[in-house]
Every structure is written in structure tokens, then in C-alpha cells.
Amino acid sequence: MKYSKKVIEHFTNPKNVGEIKNADGTGKVGNPVCGDIMWVYIKVGKRKTKKGEEEYIKDIKFQTMGCAAAIATSSMLTELAKGKTLKEAKKLSRKDIADALDGLPPIKMHCSNLAADALHKAIEDYEKKKKVRAKRRKDENQTNTNL
Ligand code: FES
């Protein structure tokens, strides 16, 4: 099995490794086939656009207990996702990550599932928490008006 130069670079020197304390969203996925696990943590920022405001991935980190391909794809994922809007980040696919690494050996393609899925879960987690916060705020405002 031969890995590309980029896979080896990201495996031997992975970027954005670690945990974000008080992350805005966390995604955890496991690979049932091999038992490997990965966590992705995101911090979401807001920036002004011509049309108003957009949310983007301000910071992202990962922890992966997995094979060389899982670590390299996680590292590449963080590089690809950082600075992207949430909408763009949701579209990042397993194939995008594998392509950015100049490909993965076919037997290792399943390892790239972890990274994309964990990011999507972290964004879902952020959006779920945001909805809960908005509902709580609305309920509090209603209570205050009723007092
Ligand atoms: S062998 Fe488990 S993610 Fe690669």
C-alpha cells in the first residue's frame, strides 16, 4: 500500500491536533469496522458580508485514535474547513478530503469517512445548541413580559 506524499506529511506532522475547551460544537464518530474514533471541535465566528452577517469556522481541532489515513484526513479536514462558512463546511465531502491529499489507497478510502462525518456532526451539534439557546431566550422574554 502506497500513501501519497501529502498523506505522509499530514500523518507525520498533523495540523490542529487537540481539544477546544468550551467548543461551540463537538462531533464524535466511530468506525464500526476497525473501532477507530475521532472527535472534531469547532468554534464559530461571525463576520460581516455585503448581505449582512455570516457564520464561519473560526477554529477547529481534532483528536483521532486511528490509523495513518484517519489522522491525515482529520488534519487535512481541519485545514480545509478553517475559515469556511458553515454552509460551505457542510458541503465538504469525503472525496474532497481524499482529493486534497492526492488520493488514498482504495483500501483506506473508508478511513476518510470519519473526518467529514465528524465535522458535519460538530456543525449539527452547534446548530442544535443555537436553537435551544434561542428558544430559552424567547421563553425568558415571554416570562419577563408576563411579569
Ligand atoms: S483503519 Fe480505522 S480509520 Fe483507518
# chains A, B, ... in the order shown; residues from 1 in each chain; ligands from 1

call {"tool": "residues_near_ligand", "arguments": {"ligand": "ligand 1", "cutoff": "9 Å", "atoms": "only C-alpha atoms and all ligand atoms", "output": "NGL selection string"}}
result
:A and (30-38 or 64-71 or 108-114)

call {"tool": "residues_around", "arguments": {"residues": "segment 75-85 of chain A", "least_positions_apart": "5", "cutoff": "9 Å", "atoms": "only C-alpha atoms", "output": "PyMOL selection string"}}
result
chain A and resi 7+10-11+13-17+40+54-62+70+90+92+96-98+100-101+115-116+119

call {"tool": "write_last_selection", "arguments": {"atoms": "N, CA and C atoms", "output": "PDB file, in the first residue's frame"}}
result
ATOM      1  N   VAL A   7      -0.277  12.657   2.277  1.00  0.00           N
ATOM      2  CA  VAL A   7      -0.789  11.838   3.392  1.00  0.00           C
ATOM      3  C   VAL A   7       0.329  11.669   4.420  1.00  0.00           C
ATOM      4  N   HIS A  10       0.885  14.924   6.402  1.00  0.00           N
ATOM      5  CA  HIS A  10      -0.158  15.206   7.405  1.00  0.00           C
ATOM      6  C   HIS A  10      -0.173  14.176   8.520  1.00  0.00           C
ATOM      7  N   PHE A  11       0.258  12.950   8.212  1.00  0.00           N
ATOM      8  CA  PHE A  11       0.302  11.936   9.267  1.00  0.00           C
ATOM      9  C   PHE A  11       1.479  12.202  10.208  1.00  0.00           C
ATOM     10  N   ASN A  13       3.068  15.090  10.597  1.00  0.00           N
ATOM     11  CA  ASN A  13       3.021  16.429  11.190  1.00  0.00           C
ATOM     12  C   ASN A  13       1.596  16.973  11.130  1.00  0.00           C
ATOM     13  N   PRO A  14       0.671  16.319  11.869  1.00  0.00           N
ATOM     14  CA  PRO A  14      -0.740  16.728  11.748  1.00  0.00           C
ATOM     15  C   PRO A  14      -0.993  18.126  12.275  1.00  0.00           C
ATOM     16  N   LYS A  15      -1.909  18.831  11.608  1.00  0.00           N
ATOM     17  CA  LYS A  15      -2.249  20.207  11.987  1.00  0.00           C
ATOM     18  C   LYS A  15      -3.504  20.199  12.858  1.00  0.00           C
ATOM     19  N   ASN A  16      -3.574  21.186  13.755  1.00  0.00           N
ATOM     20  CA  ASN A  16      -4.777  21.413  14.567  1.00  0.00           C
ATOM     21  C   ASN A  16      -5.187  20.218  15.433  1.00  0.00           C
ATOM     22  N   VAL A  17      -4.204  19.598  16.045  1.00  0.00           N
ATOM     23  CA  VAL A  17      -4.499  18.471  16.936  1.00  0.00           C
ATOM     24  C   VAL A  17      -4.860  19.022  18.308  1.00  0.00           C
ATOM     25  N   VAL A  40     -14.202  16.013  16.596  1.00  0.00           N
ATOM     26  CA  VAL A  40     -13.910  17.319  15.978  1.00  0.00           C
ATOM     27  C   VAL A  40     -14.552  18.393  16.841  1.00  0.00           C
ATOM     28  N   GLU A  54     -22.415  36.460   8.365  1.00  0.00           N
ATOM     29  CA  GLU A  54     -22.357  35.019   8.134  1.00  0.00           C
ATOM     30  C   GLU A  54     -21.558  34.349   9.240  1.00  0.00           C
ATOM     31  N   GLU A  55     -21.887  33.092   9.467  1.00  0.00           N
ATOM     32  CA  GLU A  55     -21.173  32.325  10.495  1.00  0.00           C
ATOM     33  C   GLU A  55     -20.111  31.484   9.796  1.00  0.00           C
ATOM     34  N   TYR A  56     -18.953  31.429  10.413  1.00  0.00           N
ATOM     35  CA  TYR A  56     -17.874  30.660   9.795  1.00  0.00           C
ATOM     36  C   TYR A  56     -17.066  29.904  10.864  1.00  0.00           C
ATOM     37  N   ILE A  57     -16.284  28.972  10.393  1.00  0.00           N
ATOM     38  CA  ILE A  57     -15.460  28.170  11.309  1.00  0.00           C
ATOM     39  C   ILE A  57     -14.211  28.972  11.659  1.00  0.00           C
ATOM     40  N   LYS A  58     -14.228  29.469  12.880  1.00  0.00           N
ATOM     41  CA  LYS A  58     -13.143  30.332  13.330  1.00  0.00           C
ATOM     42  C   LYS A  58     -11.956  29.493  13.791  1.00  0.00           C
ATOM     43  N   ASP A  59     -12.276  28.380  14.439  1.00  0.00           N
ATOM     44  CA  ASP A  59     -11.214  27.490  14.900  1.00  0.00           C
ATOM     45  C   ASP A  59     -11.726  26.060  14.851  1.00  0.00           C
ATOM     46  N   ILE A  60     -10.817  25.139  14.636  1.00  0.00           N
ATOM     47  CA  ILE A  60     -11.207  23.725  14.562  1.00  0.00           C
ATOM     48  C   ILE A  60     -10.036  22.874  15.015  1.00  0.00           C
ATOM     49  N   LYS A  61     -10.336  21.876  15.824  1.00  0.00           N
ATOM     50  CA  LYS A  61      -9.286  20.946  16.260  1.00  0.00           C
ATOM     51  C   LYS A  61      -9.847  19.526  16.225  1.00  0.00           C
ATOM     52  N   PHE A  62      -8.943  18.572  16.244  1.00  0.00           N
ATOM     53  CA  PHE A  62      -9.407  17.183  16.241  1.00  0.00           C
ATOM     54  C   PHE A  62      -8.559  16.301  17.136  1.00  0.00           C
ATOM     55  N   ALA A  70      -6.555   7.916   8.802  1.00  0.00           N
ATOM     56  CA  ALA A  70      -7.551   8.652   9.601  1.00  0.00           C
ATOM     57  C   ALA A  70      -6.929   9.936  10.149  1.00  0.00           C
ATOM     58  N   LYS A  90     -20.389  22.362   5.471  1.00  0.00           N
ATOM     59  CA  LYS A  90     -21.315  21.222   5.428  1.00  0.00           C
ATOM     60  C   LYS A  90     -21.174  20.454   4.125  1.00  0.00           C
ATOM     61  N   LEU A  92     -18.346  19.941   2.554  1.00  0.00           N
ATOM     62  CA  LEU A  92     -17.063  19.233   2.429  1.00  0.00           C
ATOM     63  C   LEU A  92     -17.328  17.730   2.489  1.00  0.00           C
ATOM     64  N   ASP A  96     -13.632  15.248  -1.215  1.00  0.00           N
ATOM     65  CA  ASP A  96     -12.853  16.499  -1.204  1.00  0.00           C
ATOM     66  C   ASP A  96     -11.580  16.306  -0.386  1.00  0.00           C
ATOM     67  N   ILE A  97     -11.752  15.641   0.756  1.00  0.00           N
ATOM     68  CA  ILE A  97     -10.603  15.459   1.652  1.00  0.00           C
ATOM     69  C   ILE A  97      -9.576  14.520   1.013  1.00  0.00           C
ATOM     70  N   ALA A  98     -10.065  13.410   0.476  1.00  0.00           N
ATOM     71  CA  ALA A  98      -9.150  12.451  -0.168  1.00  0.00           C
ATOM     72  C   ALA A  98      -8.452  13.115  -1.359  1.00  0.00           C
ATOM     73  N   ALA A 100      -7.790  16.312  -1.762  1.00  0.00           N
ATOM     74  CA  ALA A 100      -6.808  17.291  -1.275  1.00  0.00           C
ATOM     75  C   ALA A 100      -5.528  16.601  -0.802  1.00  0.00           C
ATOM     76  N   LEU A 101      -5.655  15.322  -0.472  1.00  0.00           N
ATOM     77  CA  LEU A 101      -4.472  14.554  -0.040  1.00  0.00           C
ATOM     78  C   LEU A 101      -3.826  13.815  -1.216  1.00  0.00           C
ATOM     79  N   ALA A 115     -13.532  11.754   9.164  1.00  0.00           N
ATOM     80  CA  ALA A 115     -13.266  13.190   9.240  1.00  0.00           C
ATOM     81  C   ALA A 115     -14.469  14.018   8.784  1.00  0.00           C
ATOM     82  N   ALA A 116     -14.990  13.714   7.595  1.00  0.00           N
ATOM     83  CA  ALA A 116     -16.116  14.506   7.079  1.00  0.00           C
ATOM     84  C   ALA A 116     -17.333  14.336   7.983  1.00  0.00           C
ATOM     85  N   LEU A 119     -17.028  16.333  11.248  1.00  0.00           N
ATOM     86  CA  LEU A 119     -17.240  17.775  11.053  1.00  0.00           C
ATOM     87  C   LEU A 119     -18.733  18.072  10.917  1.00  0.00           C
TER      88      LEU A 119
END

call {"tool": "closest_atom_pairs", "arguments": {"of": "segment 41-115 of chain A", "to": "segment 126-137 of chain A", "cutoff": "9 Å", "atoms": "only C-alpha atoms", "output": "Markdown table"}}
result
| residue | atom | partner | partner_atom | distance |
| --- | --- | --- | --- | --- |
| A:Ile42 | CA | A:Tyr126 | CA | 8.3 |
| A:Lys43 | CA | A:Tyr126 | CA | 8.9 |
| A:Val44 | CA | A:Tyr126 | CA | 8.3 |

call {"tool": "write_last_selection", "arguments": {"atoms": "N, CA and C atoms", "output": "PDB file, in the first residue's frame"}}
result
ATOM      1  N   ILE A  42     -15.351  22.593  17.118  1.00  0.00           N
ATOM      2  CA  ILE A  42     -15.346  23.845  16.343  1.00  0.00           C
ATOM      3  C   ILE A  42     -15.720  25.055  17.203  1.00  0.00           C
ATOM      4  N   LYS A  43     -15.137  26.166  16.827  1.00  0.00           N
ATOM      5  CA  LYS A  43     -15.534  27.467  17.358  1.00  0.00           C
ATOM      6  C   LYS A  43     -16.111  28.230  16.179  1.00  0.00           C
ATOM      7  N   VAL A  44     -17.273  28.818  16.371  1.00  0.00           N
ATOM      8  CA  VAL A  44     -17.932  29.509  15.262  1.00  0.00           C
ATOM      9  C   VAL A  44     -17.825  31.019  15.473  1.00  0.00           C
TER      10      VAL A  44
END

call {"tool": "atom_distance", "arguments": {"atom1": "atom CA of Lys87 of chain A", "atom2": "atom CA of Ser74 of chain A"}}
result
19.2 Å

call {"tool": "select_by_dssp", "arguments": {"residues": "segment 20-135 of chain A", "states": "helix (DSSP H, G or I)", "output": "PyMOL selection string"}}
result
chain A and resi 68-81+86-90+94-100+106-135

call {"tool": "residues_around", "arguments": {"residues": "Thr26 of chain A", "least_positions_apart": "3", "cutoff": "8 Å", "atoms": "only C-alpha atoms", "output": "list in words"}}
result
Ala23, Trp39, Val40, Tyr41, Ile42, Lys121, Ala122, Ile123, Asp125 and Tyr126 of chain A

call {"tool": "select_by_dssp", "arguments": {"residues": "segment 12-129 of chain A", "states": "strand (DSSP E)", "output": "ChimeraX atom specification"}}
result
/A:25-30,37-49,52-65

call {"tool": "atom_distance", "arguments": {"atom1": "atom CA of Lys6 of chain A", "atom2": "atom CA of Lys95 of chain A"}}
result
15.0 Å

call {"tool": "atom_distance", "arguments": {"atom1": "atom CA of His120 of chain A", "atom2": "atom CA of Ala89 of chain A"}}
result
7.8 Å

call {"tool": "closest_residue", "arguments": {"among": "A:Glu9, A:Leu86, A:Lys50, A:Ile20", "to": "Glu124 of chain A", "atoms": "only C-alpha atoms"}}
result
A:Leu86

call {"tool": "decode", "arguments": {"residues": "segment 95-141 of chain A", "atoms": "N, CA and C atoms", "output": "PDB file, in the first residue's frame"}}
result
ATOM      1  N   LYS A  95     -14.716  12.799  -0.401  1.00  0.00           N
ATOM      2  CA  LYS A  95     -13.927  12.844  -1.635  1.00  0.00           C
ATOM      3  C   LYS A  95     -13.062  14.109  -1.673  1.00  0.00           C
ATOM      4  N   ASP A  96     -13.632  15.248  -1.215  1.00  0.00           N
ATOM      5  CA  ASP A  96     -12.853  16.499  -1.204  1.00  0.00           C
ATOM      6  C   ASP A  96     -11.580  16.306  -0.386  1.00  0.00           C
ATOM      7  N   ILE A  97     -11.752  15.641   0.756  1.00  0.00           N
ATOM      8  CA  ILE A  97     -10.603  15.459   1.652  1.00  0.00           C
ATOM      9  C   ILE A  97      -9.576  14.520   1.013  1.00  0.00           C
ATOM     10  N   ALA A  98     -10.065  13.410   0.476  1.00  0.00           N
ATOM     11  CA  ALA A  98      -9.150  12.451  -0.168  1.00  0.00           C
ATOM     12  C   ALA A  98      -8.452  13.115  -1.359  1.00  0.00           C
ATOM     13  N   ASP A  99      -9.202  13.920  -2.134  1.00  0.00           N
ATOM     14  CA  ASP A  99      -8.591  14.590  -3.298  1.00  0.00           C
ATOM     15  C   ASP A  99      -7.506  15.569  -2.853  1.00  0.00           C
ATOM     16  N   ALA A 100      -7.790  16.312  -1.762  1.00  0.00           N
ATOM     17  CA  ALA A 100      -6.808  17.291  -1.275  1.00  0.00           C
ATOM     18  C   ALA A 100      -5.528  16.601  -0.802  1.00  0.00           C
ATOM     19  N   LEU A 101      -5.655  15.322  -0.472  1.00  0.00           N
ATOM     20  CA  LEU A 101      -4.472  14.554  -0.040  1.00  0.00           C
ATOM     21  C   LEU A 101      -3.826  13.815  -1.216  1.00  0.00           C
ATOM     22  N   ASP A 102      -4.238  14.158  -2.430  1.00  0.00           N
ATOM     23  CA  ASP A 102      -3.780  13.466  -3.646  1.00  0.00           C
ATOM     24  C   ASP A 102      -4.148  11.996  -3.622  1.00  0.00           C
ATOM     25  N   GLY A 103      -5.296  11.703  -3.021  1.00  0.00           N
ATOM     26  CA  GLY A 103      -5.826  10.332  -3.049  1.00  0.00           C
ATOM     27  C   GLY A 103      -5.394   9.485  -1.873  1.00  0.00           C
ATOM     28  N   LEU A 104      -6.185   8.438  -1.660  1.00  0.00           N
ATOM     29  CA  LEU A 104      -5.866   7.457  -0.615  1.00  0.00           C
ATOM     30  C   LEU A 104      -5.882   6.087  -1.293  1.00  0.00           C
ATOM     31  N   PRO A 105      -5.119   5.148  -0.790  1.00  0.00           N
ATOM     32  CA  PRO A 105      -5.217   3.804  -1.366  1.00  0.00           C
ATOM     33  C   PRO A 105      -6.663   3.316  -1.224  1.00  0.00           C
ATOM     34  N   PRO A 106      -7.214   2.632  -2.243  1.00  0.00           N
ATOM     35  CA  PRO A 106      -8.628   2.233  -2.203  1.00  0.00           C
ATOM     36  C   PRO A 106      -9.014   1.540  -0.897  1.00  0.00           C
ATOM     37  N   ILE A 107      -8.155   0.743  -0.361  1.00  0.00           N
ATOM     38  CA  ILE A 107      -8.466   0.004   0.869  1.00  0.00           C
ATOM     39  C   ILE A 107      -8.601   0.941   2.078  1.00  0.00           C
ATOM     40  N   LYS A 108      -8.094   2.166   1.917  1.00  0.00           N
ATOM     41  CA  LYS A 108      -8.121   3.140   3.026  1.00  0.00           C
ATOM     42  C   LYS A 108      -9.175   4.238   2.827  1.00  0.00           C
ATOM     43  N   MET A 109      -9.929   4.146   1.744  1.00  0.00           N
ATOM     44  CA  MET A 109     -10.922   5.202   1.482  1.00  0.00           C
ATOM     45  C   MET A 109     -11.937   5.310   2.620  1.00  0.00           C
ATOM     46  N   HIS A 110     -12.286   4.193   3.237  1.00  0.00           N
ATOM     47  CA  HIS A 110     -13.302   4.242   4.314  1.00  0.00           C
ATOM     48  C   HIS A 110     -12.815   5.084   5.495  1.00  0.00           C
ATOM     49  N   CYS A 111     -11.501   5.222   5.636  1.00  0.00           N
ATOM     50  CA  CYS A 111     -10.949   5.986   6.767  1.00  0.00           C
ATOM     51  C   CYS A 111     -11.285   7.474   6.642  1.00  0.00           C
ATOM     52  N   SER A 112     -11.494   7.933   5.391  1.00  0.00           N
ATOM     53  CA  SER A 112     -11.793   9.355   5.200  1.00  0.00           C
ATOM     54  C   SER A 112     -13.225   9.679   5.615  1.00  0.00           C
ATOM     55  N   ASN A 113     -14.051   8.644   5.834  1.00  0.00           N
ATOM     56  CA  ASN A 113     -15.432   8.872   6.282  1.00  0.00           C
ATOM     57  C   ASN A 113     -15.468   9.566   7.625  1.00  0.00           C
ATOM     58  N   LEU A 114     -14.554   9.168   8.500  1.00  0.00           N
ATOM     59  CA  LEU A 114     -14.566   9.688   9.867  1.00  0.00           C
ATOM     60  C   LEU A 114     -14.487  11.209   9.882  1.00  0.00           C
ATOM     61  N   ALA A 115     -13.532  11.754   9.164  1.00  0.00           N
ATOM     62  CA  ALA A 115     -13.266  13.190   9.240  1.00  0.00           C
ATOM     63  C   ALA A 115     -14.469  14.018   8.784  1.00  0.00           C
ATOM     64  N   ALA A 116     -14.990  13.714   7.595  1.00  0.00           N
ATOM     65  CA  ALA A 116     -16.116  14.506   7.079  1.00  0.00           C
ATOM     66  C   ALA A 116     -17.333  14.336   7.983  1.00  0.00           C
ATOM     67  N   ASP A 117     -17.602  13.112   8.402  1.00  0.00           N
ATOM     68  CA  ASP A 117     -18.786  12.870   9.249  1.00  0.00           C
ATOM     69  C   ASP A 117     -18.664  13.587  10.586  1.00  0.00           C
ATOM     70  N   ALA A 118     -17.474  13.586  11.166  1.00  0.00           N
ATOM     71  CA  ALA A 118     -17.287  14.239  12.471  1.00  0.00           C
ATOM     72  C   ALA A 118     -17.493  15.747  12.350  1.00  0.00           C
ATOM     73  N   LEU A 119     -17.028  16.333  11.248  1.00  0.00           N
ATOM     74  CA  LEU A 119     -17.240  17.775  11.053  1.00  0.00           C
ATOM     75  C   LEU A 119     -18.733  18.072  10.917  1.00  0.00           C
ATOM     76  N   HIS A 120     -19.422  17.275  10.111  1.00  0.00           N
ATOM     77  CA  HIS A 120     -20.858  17.509   9.913  1.00  0.00           C
ATOM     78  C   HIS A 120     -21.603  17.385  11.246  1.00  0.00           C
ATOM     79  N   LYS A 121     -21.189  16.424  12.062  1.00  0.00           N
ATOM     80  CA  LYS A 121     -21.837  16.255  13.372  1.00  0.00           C
ATOM     81  C   LYS A 121     -21.555  17.442  14.287  1.00  0.00           C
ATOM     82  N   ALA A 122     -20.344  17.975  14.225  1.00  0.00           N
ATOM     83  CA  ALA A 122     -19.988  19.127  15.072  1.00  0.00           C
ATOM     84  C   ALA A 122     -20.839  20.339  14.677  1.00  0.00           C
ATOM     85  N   ILE A 123     -21.073  20.513  13.381  1.00  0.00           N
ATOM     86  CA  ILE A 123     -21.911  21.630  12.923  1.00  0.00           C
ATOM     87  C   ILE A 123     -23.366  21.415  13.374  1.00  0.00           C
ATOM     88  N   GLU A 124     -23.839  20.173  13.254  1.00  0.00           N
ATOM     89  CA  GLU A 124     -25.211  19.859  13.723  1.00  0.00           C
ATOM     90  C   GLU A 124     -25.333  20.159  15.208  1.00  0.00           C
ATOM     91  N   ASP A 125     -24.319  19.772  15.962  1.00  0.00           N
ATOM     92  CA  ASP A 125     -24.324  19.997  17.413  1.00  0.00           C
ATOM     93  C   ASP A 125     -24.409  21.502  17.702  1.00  0.00           C
ATOM     94  N   TYR A 126     -23.624  22.285  16.974  1.00  0.00           N
ATOM     95  CA  TYR A 126     -23.650  23.742  17.151  1.00  0.00           C
ATOM     96  C   TYR A 126     -25.045  24.280  16.840  1.00  0.00           C
ATOM     97  N   GLU A 127     -25.617  23.833  15.723  1.00  0.00           N
ATOM     98  CA  GLU A 127     -26.937  24.356  15.321  1.00  0.00           C
ATOM     99  C   GLU A 127     -28.031  23.952  16.302  1.00  0.00           C
ATOM    100  N   LYS A 128     -27.916  22.747  16.859  1.00  0.00           N
ATOM    101  CA  LYS A 128     -28.898  22.285  17.854  1.00  0.00           C
ATOM    102  C   LYS A 128     -28.804  23.168  19.101  1.00  0.00           C
ATOM    103  N   LYS A 129     -27.577  23.399  19.560  1.00  0.00           N
ATOM    104  CA  LYS A 129     -27.384  24.223  20.770  1.00  0.00           C
ATOM    105  C   LYS A 129     -27.881  25.650  20.535  1.00  0.00           C
ATOM    106  N   LYS A 130     -27.679  26.142  19.325  1.00  0.00           N
ATOM    107  CA  LYS A 130     -28.095  27.503  18.993  1.00  0.00           C
ATOM    108  C   LYS A 130     -29.623  27.614  19.072  1.00  0.00           C
ATOM    109  N   LYS A 131     -30.310  26.588  18.567  1.00  0.00           N
ATOM    110  CA  LYS A 131     -31.777  26.583  18.616  1.00  0.00           C
ATOM    111  C   LYS A 131     -32.261  26.573  20.058  1.00  0.00           C
ATOM    112  N   VAL A 132     -31.618  25.742  20.893  1.00  0.00           N
ATOM    113  CA  VAL A 132     -32.011  25.644  22.299  1.00  0.00           C
ATOM    114  C   VAL A 132     -31.823  26.999  22.976  1.00  0.00           C
ATOM    115  N   ARG A 133     -30.676  27.664  22.683  1.00  0.00           N
ATOM    116  CA  ARG A 133     -30.402  28.975  23.282  1.00  0.00           C
ATOM    117  C   ARG A 133     -31.447  29.998  22.844  1.00  0.00           C
ATOM    118  N   ALA A 134     -31.804  29.965  21.567  1.00  0.00           N
ATOM    119  CA  ALA A 134     -32.780  30.923  21.038  1.00  0.00           C
ATOM    120  C   ALA A 134     -34.139  30.696  21.689  1.00  0.00           C
ATOM    121  N   LYS A 135     -34.508  29.418  21.881  1.00  0.00           N
ATOM    122  CA  LYS A 135     -35.804  29.106  22.492  1.00  0.00           C
ATOM    123  C   LYS A 135     -35.811  29.576  23.947  1.00  0.00           C
ATOM    124  N   ARG A 136     -34.699  29.333  24.635  1.00  0.00           N
ATOM    125  CA  ARG A 136     -34.607  29.736  26.046  1.00  0.00           C
ATOM    126  C   ARG A 136     -34.754  31.259  26.167  1.00  0.00           C
ATOM    127  N   ARG A 137     -34.062  31.964  25.254  1.00  0.00           N
ATOM    128  CA  ARG A 137     -34.122  33.434  25.269  1.00  0.00           C
ATOM    129  C   ARG A 137     -35.564  33.912  25.037  1.00  0.00           C
ATOM    130  N   LYS A 138     -36.259  33.258  24.095  1.00  0.00           N
ATOM    131  CA  LYS A 138     -37.633  33.635  23.763  1.00  0.00           C
ATOM    132  C   LYS A 138     -38.533  33.391  24.991  1.00  0.00           C
ATOM    133  N   ASP A 139     -38.338  32.220  25.635  1.00  0.00           N
ATOM    134  CA  ASP A 139     -39.142  31.888  26.819  1.00  0.00           C
ATOM    135  C   ASP A 139     -38.902  32.904  27.929  1.00  0.00           C
ATOM    136  N   GLU A 140     -37.623  33.272  28.113  1.00  0.00           N
ATOM    137  CA  GLU A 140     -37.289  34.237  29.167  1.00  0.00           C
ATOM    138  C   GLU A 140     -37.938  35.588  28.889  1.00  0.00           C
ATOM    139  N   ASN A 141     -37.896  36.010  27.617  1.00  0.00           N
ATOM    140  CA  ASN A 141     -38.506  37.293  27.243  1.00  0.00           C
ATOM    141  C   ASN A 141     -40.001  37.283  27.504  1.00  0.00           C
TER     142      ASN A 141
END
